[in-house]
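Heads up, the thing below is written out as structure tokens.
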Amino acid sequence: MQIDNVEDILELLNNINYFFRNVDEIDKKLQTLLYNKELERDDLLHEIELSKLNAIEIMSIYKKLENTLQERRIIKDKIELINTLKPYSNKYIMKGIFADTNKTIKNIQTLKSNQSNKHYTPRILKDLKCAKRKEK
């Protein structure tokens, strides 16, 4: 990313905005997924405990349990990352980062628009080409 590239800066600010707006929502979704995986795990453990299973059924349940536990671990790792980020995000959310970021995005868009519409009006030499361009 180049700090002097308007498009790069706008993309960064939009990503910052997305991060701060969605960190809590992502946490809630992950918590729901984790809860569901734990219920799935419990179902499989009860199947093992309460059913008379043959060897093929035991292997099938074992494989399902293994997959469920692996998926649960991935979700828990993501939750751990989100929980590491939340104190940082909460600090800046309290300071009003949404308003500041949105204001900066609008200011940069206005700056970009102004820069693309620049023209020069000659003060003394009115017969220059740039003066004629403005009259059109």
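The way I read the labels, and the way they are meant: chains A, B, ... in the order of the structure tokens, residue 1 as the first residue of every chain, and ligand 1 as the first ligand shown, with later ones counted on from there.
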
Exercise: Lys29 of chain A partners within 12 Å, only C-alpha atoms, chain neighbours under 6 positions left out, as a PDB file with N, CA and C atoms, in the first residue's frame:
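The result, stored in out.pdb:
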ATOM      1  N   ASN A  22     -17.989  -5.033  12.248  1.00  0.00           N
ATOM      2  CA  ASN A  22     -18.370  -6.440  12.193  1.00  0.00           C
ATOM      3  C   ASN A  22     -17.714  -7.340  13.232  1.00  0.00           C
ATOM      4  N   VAL A  23     -16.801  -6.847  14.028  1.00  0.00           N
ATOM      5  CA  VAL A  23     -16.100  -7.720  14.974  1.00  0.00           C
ATOM      6  C   VAL A  23     -17.061  -8.357  15.976  1.00  0.00           C
ATOM      7  N   TYR A  35     -21.526 -23.404  19.782  1.00  0.00           N
ATOM      8  CA  TYR A  35     -22.607 -24.019  20.559  1.00  0.00           C
ATOM      9  C   TYR A  35     -23.223 -25.186  19.783  1.00  0.00           C
ATOM     10  N   ASN A  36     -23.451 -24.972  18.493  1.00  0.00           N
ATOM     11  CA  ASN A  36     -24.027 -26.033  17.668  1.00  0.00           C
ATOM     12  C   ASN A  36     -23.080 -27.228  17.535  1.00  0.00           C
ATOM     13  N   ILE A  75     -13.226 -23.416  15.010  1.00  0.00           N
ATOM     14  CA  ILE A  75     -14.100 -22.341  15.503  1.00  0.00           C
ATOM     15  C   ILE A  75     -13.530 -21.745  16.784  1.00  0.00           C
ATOM     16  N   LYS A  76     -13.068 -22.581  17.703  1.00  0.00           N
ATOM     17  CA  LYS A  76     -12.498 -22.085  18.961  1.00  0.00           C
ATOM     18  C   LYS A  76     -11.249 -21.234  18.703  1.00  0.00           C
ATOM     19  N   LYS A  78     -10.702 -19.427  16.038  1.00  0.00           N
ATOM     20  CA  LYS A  78     -11.185 -18.143  15.509  1.00  0.00           C
ATOM     21  C   LYS A  78     -11.736 -17.267  16.628  1.00  0.00           C
ATOM     22  N   ILE A  79     -12.457 -17.880  17.551  1.00  0.00           N
ATOM     23  CA  ILE A  79     -12.983 -17.128  18.697  1.00  0.00           C
ATOM     24  C   ILE A  79     -11.844 -16.553  19.525  1.00  0.00           C
ATOM     25  N   ILE A  82     -10.643 -13.483  17.751  1.00  0.00           N
ATOM     26  CA  ILE A  82     -11.608 -12.387  17.928  1.00  0.00           C
ATOM     27  C   ILE A  82     -11.518 -11.819  19.339  1.00  0.00           C
TER      28      ILE A  82
END

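Among the candidates A:Thr121, A:Thr32, A:Ser51, A:Thr110, the residue lying nearest to Val6 of chain A is A:Thr110 (atoms considered: only C-alpha atoms).
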
With only C-alpha atoms as the counted atoms, please give the residues lying no more than 9 Å from segment 67-71 of chain A, apart from itself and same-chain residues fewer than 5 positions off, as an mmCIF file with N, CA and C atoms, in the first residue's frame.
data_model
loop_
_atom_site.group_PDB
_atom_site.id
_atom_site.type_symbol
_atom_site.label_atom_id
_atom_site.label_comp_id
_atom_site.auth_asym_id
_atom_site.auth_seq_id
_atom_site.Cartn_x
_atom_site.Cartn_y
_atom_site.Cartn_z
ATOM 1 N N LEU A 34 -20.048 -22.541 17.554
ATOM 2 C CA LEU A 34 -19.420 -23.356 18.588
ATOM 3 C C LEU A 34 -20.485 -24.096 19.398
ATOM 4 N N LYS A 37 -21.789 -26.976 17.396
ATOM 5 C CA LYS A 37 -20.818 -28.076 17.306
ATOM 6 C C LYS A 37 -20.761 -28.849 18.619
ATOM 7 N N GLU A 38 -20.900 -28.159 19.734
ATOM 8 C CA GLU A 38 -20.900 -28.852 21.024
ATOM 9 C C GLU A 38 -22.156 -29.706 21.191
ATOM 10 N N GLU A 40 -23.744 -31.044 18.676
ATOM 11 C CA GLU A 40 -23.504 -32.156 17.756
ATOM 12 C C GLU A 40 -22.595 -33.211 18.399
ATOM 13 N N ARG A 41 -21.570 -32.731 19.068
ATOM 14 C CA ARG A 41 -20.663 -33.633 19.784
ATOM 15 C C ARG A 41 -21.412 -34.423 20.852
ATOM 16 N N TYR A 62 -17.501 -42.700 15.065
ATOM 17 C CA TYR A 62 -16.164 -42.208 15.408
ATOM 18 C C TYR A 62 -15.717 -41.165 14.392
ATOM 19 N N LYS A 76 -13.068 -22.581 17.703
ATOM 20 C CA LYS A 76 -12.498 -22.085 18.961
ATOM 21 C C LYS A 76 -11.249 -21.234 18.703
#

Helix (DSSP H, G or I) positions in segment 40-133 of chain A, given as a VMD selection string: chain A and resid 40 to 50 55 to 94 97 to 116 129 to 133

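Among the candidates A:Ser116, A:Thr84, A:Asn90, A:Asn107, the one nearest to Ile9 of chain A when counting only C-alpha atoms is A:Asn107.
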
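Nearest-residue note for Leu39 of chain A: choosing from A:Leu65, A:Pro87, A:Glu57, A:Ile16, the minimum distance belongs to A:Leu65, counting only C-alpha atoms.
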
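Shortest atom-to-atom contact with Gln31 of chain A among A:His46, A:Arg72, A:Lys64, A:Lys52: A:Arg72, counting only C-alpha atoms.
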
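Separating atom CA of Leu45 of chain A from atom CA of Lys63 of chain A is a distance of 12.1 Å.
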
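Considering only C-alpha atoms, the residue among A:Ile3, A:Leu13, A:Leu33, A:Ile56 positioned nearest to Thr104 of chain A is A:Leu13.
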